[in-house]
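Single-structure report; data block below.
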Amino acid sequence: MDIVNALALFANFVAVPATAYGAQLALGALGVTLIFGILRFANFSHGELMSFGAMATILVTWTLQDLGIGIAPFPTALLALPVGILASIAVSLATNRMVFRFYQRRRANPIVFAIVSVGVMFVMAGLIRIIIGPDDQSFADGERFLITAFEFQKATGLKEGIAIKQTQVITVVVALVVVAALFWFLRKTRAGKAMRAFSDEEDLALLSGVNPDRVVQIAWIITATLACIAGTLYGLDKTYKPFIFLQILLPIFAATIVGGIGQPVGAILGGFVIAYSEVMVTYAFKKVITYLSPTDWAPEGLVQLLSTDYKFAVSFIILVAVLLIRPTGIIRGKVI
Amino acid sequence: MSFLAARSMTGGYGGADILKDCTITVDKGEIAVVVGPNGAGKSTAIKAIFGMLNLREGSIEFDGRDITAMAPQDRVRQGMALVPQNRNVFPSMSVEENLEMGAFIRNDDFNETMELVFHLFPVLREKRAQPAGELSGGQRQQVAVGRALMTAPQLLILDEPTAGVSPIVMDELFDRIVEIARTGIAILMVEQNARQALEIADHGFVLVQGGNRFTDTGEALLANAEVRRSFLGG
């Protein structure tokens with residue numbers, strides 16, 4: 001029995017990566033839930049908006065790296081992020097102006113809206129592949145680890161080490177700051193209250209003098225900011241692959257629905273539920289169990305419920321289960 | 001010249017006309033009540049007055065200005081406020097935030113108006129931090145009326161404010177409405193509970209099939225044998 005080592009092992013391979021991944025999903029899901037709350041449709045182009053933001057940040061990062069400008073030991077991408085955010089805001093406002101506003105004025109059916117967003121997704125994906133190409137891009141620099149497994153082992157004398165990547169810490173810290181700022185905005189400011197009112201009861205908000213075009217613009221600005229940050233953090237934590245942003249839509253949508261559609265708190269909860277489930281179901285628990293059981297009881301198999309190739313199936317199963325059992329989500333949201 | 005004069009309104013939602021030559025007027029400090037059987041066009045008349053329905057004919061004058069073609073939002077800025085029959089509060093927002101949203105178009109200090117609303121509806125002060133969606137039906141109606149009052153309107157339009165509330169709550173609401181009218185605000189109200197509504201009304205308009213059947217003071221309508229037989233159940 002070696003509980004401490006088992007916990008260290010669990011933290012290293014499950015808790016730390018899942019927390020960082022959960023923060024990325026939460027940021028993505030917040031954007032989807034905001035657009036659902038204001039425009040009332042499932043925005044399939046959100047993944048590509050994340051990709052676009054990450055791409056813009058990468059291009060600026062490369063330029064800065066060439067010029068020798070950096071903020072070591074932090075990644076240069078953090079310095080480039082504001083420019084990436086501005087580019088994402090510009091592209092989402094342009095999309096709103098050219099595409100979504102037309103359907104909003106007609107009060108189009110949410111299904112029509114969702115299909116339109118699929119079209120936007122394909123156009124944006126093509127644009128991204130024209131600009132940066134379909135290949136993996138690496139742009140992370142700065143200190144790689146905050147604590148390496150070896151340093152941890154030496155400091156604590158444990159057999160198992162906990163490695164914490166700097167990008168994981170940055171991901172969680174940035175996500176916390178962004179979420180706090182978003183909630184402050186929605187709760188305390190005039191524009192934030194107008195957005196909540198518009199999301200609650202559109203016609204009554206109009207009767208109260210809320211300008212719908214303005215609310216929609218603010219929603220896109222916030223969504224683009226969240227998407228760019230989420231995409232960049234995801235790229236920093238792993239690598240930037242354009243095709244991954246189509247796949248990541250599934251866990252993000254699952255997080256949105258599990259948490260309760262249109263509920264910002266739910267999006268965050270959902271992000272972590274999905275991330276932890278995905279990582280735990282695909283992790284091989286053999287060594288953890290070996291530590292926890294008497295010496296010769298070590299299991300023969302890997303004690304892995306699903307191979308990592310199937311990790312997207314986890315979101316899908318959770319999604320279906322939630323829709324069947326509690327369609328409103330953890331925090332009572334709207335039902336699609 | 002009345003404060004609000006909607007004359008000869010004719011129109012509908014496309015297709016057949018629902019309103020046919022319907023006239024409704026209200027003066028300051030006065031309560032006007034629109035009653036009539038189901039499908040008489042009562043709510044439609046109110047929607048038309050608020051600009052939520054395109055009129056084919058007729059005109060609407062408010063405070064001496066012709067507002068027939070004005071958008072609903074702009075009518076709010078001119079001093080009209082509407083309490084819709086359904087979906088009249090923001091359910092996930094607190095009572096206080098609901099009232100703040102009512103004052104959204106105002107740039108001046110609205111604390112005094114909020115005090116007035118809390119004075120009219122003391123229970124709202126107690127529940128100011130609670131989401132409006134968690135309140136009882138009667139309290140919700142109070143929030144809805146309070147939200148409309150926050151725009152500091154000169155004309156308050158209520159679409160069946162007592163729909164779905166208990167008789168006790170209804171009496172209370174009517175008392176409050178009388179109190180609001182005494183502050184000089186003109187009130188126009190559509191009501192299902194015709195008898196009680198006419199009792200507090202200065203003027204009543206009995207609509208039938210989209211047109212005016214009887215128009216008189218509330219008292220006179222209550223005394224009118226034909227009105228009593230046809231619309232008040234004897």
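FYI, nothing fancy with the structure tokens labels: chains A, B, ... in order, residues from 1 per chain, ligands from 1 as they appear.
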
Legend entry - chain B residues near chain A (7 Å cut-off, only C-alpha atoms) as an MDAnalysis selection string: chainID B and resid 72:73 87:88 90:92 101:102 104:105

Legend entry - Residue contacts of segment 149-164 of chain A (7 Å, only C-alpha atoms) excluding same-chain residues fewer than 2 positions away, as a VMD selection string: chain A and resid 5 8 to 9 11 to 12 145 to 147 166 168

Please produce an output containing N, CA and C atoms for each residue in the selection, written as a tab-separated table (two decimals), in the first residue's frame.
chain	number	residue	atom	x	y	z
A	5	ASN	N	2.31	7.71	-3.22
A	5	ASN	CA	2.79	7.54	-4.58
A	5	ASN	C	1.63	7.38	-5.57
A	8	ALA	N	0.31	10.79	-6.25
A	8	ALA	CA	1.23	11.54	-7.10
A	8	ALA	C	1.09	11.10	-8.55
A	9	LEU	N	1.01	9.80	-8.73
A	9	LEU	CA	0.87	9.25	-10.08
A	9	LEU	C	-0.43	9.74	-10.72
A	11	ALA	N	-2.17	12.38	-9.90
A	11	ALA	CA	-2.12	13.82	-10.15
A	11	ALA	C	-1.34	14.09	-11.43
A	12	ASN	N	-0.22	13.39	-11.60
A	12	ASN	CA	0.64	13.66	-12.74
A	12	ASN	C	-0.03	13.33	-14.07
A	145	PHE	N	8.93	23.61	-18.27
A	145	PHE	CA	8.33	23.04	-17.06
A	145	PHE	C	8.43	24.01	-15.89
A	146	LEU	N	7.41	24.02	-15.08
A	146	LEU	CA	7.48	24.74	-13.82
A	146	LEU	C	8.18	23.84	-12.80
A	147	ILE	N	7.74	22.58	-12.78
A	147	ILE	CA	8.40	21.56	-11.98
A	147	ILE	C	8.52	20.33	-12.88
A	166	GLN	N	4.63	24.66	-17.73
A	166	GLN	CA	4.30	26.07	-17.55
A	166	GLN	C	3.00	26.43	-18.27
A	168	GLN	N	0.47	24.64	-18.71
A	168	GLN	CA	-0.72	24.20	-17.95
A	168	GLN	C	-1.09	25.23	-16.88

Inset, instruction - Show which residues sit within 9 Å of segment 108-122 of chain A, as a VMD selection string. Count only C-alpha atoms, and ignore same-chain residues fewer than 3 positions away. - result: chain A and resid 39 to 49 95 99 to 100 102 to 105 125 to 127 246

Save the residues we just selected, N, CA and C atoms, as a CSV table (one decimal), in the first residue's frame?
chain,number,residue,atom,x,y,z
A,39,LEU,N,-28.1,34.7,-29.6
A,39,LEU,CA,-28.7,34.5,-30.9
A,39,LEU,C,-29.5,33.2,-31.0
A,40,ARG,N,-29.5,32.4,-30.0
A,40,ARG,CA,-30.3,31.2,-29.9
A,40,ARG,C,-30.0,30.1,-31.0
A,41,PHE,N,-28.7,29.9,-31.3
A,41,PHE,CA,-28.4,28.8,-32.2
A,41,PHE,C,-27.1,28.2,-31.8
A,42,ALA,N,-26.9,26.9,-32.2
A,42,ALA,CA,-25.6,26.2,-31.9
A,42,ALA,C,-24.6,26.6,-32.9
A,43,ASN,N,-23.5,27.3,-32.5
A,43,ASN,CA,-22.6,27.9,-33.4
A,43,ASN,C,-21.5,26.9,-33.8
A,44,PHE,N,-21.6,26.2,-34.9
A,44,PHE,CA,-20.7,25.2,-35.3
A,44,PHE,C,-19.3,25.8,-35.7
A,45,SER,N,-19.3,27.1,-36.0
A,45,SER,CA,-18.1,27.7,-36.5
A,45,SER,C,-17.2,28.1,-35.4
A,46,HIS,N,-17.6,27.8,-34.1
A,46,HIS,CA,-16.8,28.2,-33.0
A,46,HIS,C,-15.4,27.6,-32.9
A,47,GLY,N,-15.3,26.3,-33.3
A,47,GLY,CA,-14.0,25.6,-33.3
A,47,GLY,C,-13.1,26.3,-34.3
A,48,GLU,N,-13.6,26.7,-35.5
A,48,GLU,CA,-12.7,27.3,-36.4
A,48,GLU,C,-12.4,28.8,-36.0
A,49,LEU,N,-13.3,29.4,-35.2
A,49,LEU,CA,-13.0,30.7,-34.7
A,49,LEU,C,-11.8,30.6,-33.7
A,95,THR,N,-18.0,38.5,-40.0
A,95,THR,CA,-18.9,37.4,-40.3
A,95,THR,C,-20.4,37.7,-39.9
A,99,VAL,N,-23.0,37.7,-42.7
A,99,VAL,CA,-23.8,36.5,-42.8
A,99,VAL,C,-24.9,36.5,-41.7
A,100,PHE,N,-24.5,36.4,-40.4
A,100,PHE,CA,-25.5,36.2,-39.4
A,100,PHE,C,-26.6,37.2,-39.2
A,102,PHE,N,-28.1,39.0,-41.4
A,102,PHE,CA,-29.2,38.8,-42.4
A,102,PHE,C,-30.2,37.9,-41.8
A,103,TYR,N,-29.8,36.8,-41.2
A,103,TYR,CA,-30.7,35.8,-40.7
A,103,TYR,C,-31.3,36.2,-39.4
A,104,GLN,N,-30.6,37.0,-38.6
A,104,GLN,CA,-31.2,37.6,-37.4
A,104,GLN,C,-32.3,38.5,-37.7
A,105,ARG,N,-32.1,39.4,-38.7
A,105,ARG,CA,-33.2,40.3,-39.0
A,105,ARG,C,-34.5,39.6,-39.5
A,125,ALA,N,-12.4,27.4,-42.1
A,125,ALA,CA,-11.4,26.3,-42.2
A,125,ALA,C,-10.5,26.4,-43.4
A,126,GLY,N,-11.2,26.7,-44.6
A,126,GLY,CA,-10.5,26.8,-45.8
A,126,GLY,C,-9.5,28.0,-45.8
A,127,LEU,N,-10.0,29.1,-45.3
A,127,LEU,CA,-9.2,30.3,-45.1
A,127,LEU,C,-7.9,30.1,-44.3
A,246,LEU,N,-11.9,20.8,-35.6
A,246,LEU,CA,-13.2,20.3,-35.9
A,246,LEU,C,-13.6,19.2,-34.9

Legend entry - Given only C-alpha atoms as the counted atoms, nearest of B:Asn212, B:Met150, B:Leu158, B:Ala194 to Ser8 of chain B: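 Closest to Ser8 of chain B of all the choices is B:Asn212.
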
Legend entry - Who sits within 12 Å of Glu115 of chain B, only C-alpha atoms, same chain under 6 positions skipped, as a list of chain:residue names: B:Glu96, B:Leu99, B:Asp109, B:Phe121, B:Pro122, B:Leu124, B:Arg125, B:Arg128, B:Gly146, B:Leu149, B:Met150

Given the selection you just returned, output its residues as a file containing C-alpha atoms, formatted as a short mmCIF file (atom, residue, chain, number, x, y, z; two decimals), in the first residue's frame.
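Wrote result_11.cif, looks like this:
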data_model
loop_
_atom_site.label_atom_id
_atom_site.label_comp_id
_atom_site.auth_asym_id
_atom_site.auth_seq_id
_atom_site.Cartn_x
_atom_site.Cartn_y
_atom_site.Cartn_z
CA GLU B 96 -33.76 44.80 -8.45
CA LEU B 99 -36.34 47.28 -12.15
CA ASP B 109 -30.83 59.10 -11.36
CA PHE B 121 -45.05 47.13 -3.65
CA PRO B 122 -43.25 46.65 -0.29
CA LEU B 124 -40.47 43.70 -3.79
CA ARG B 125 -38.08 45.45 -1.42
CA ARG B 128 -35.05 42.51 -4.24
CA GLY B 146 -42.71 48.00 -11.33
CA LEU B 149 -43.05 52.27 -13.92
CA MET B 150 -39.25 52.54 -13.85
#
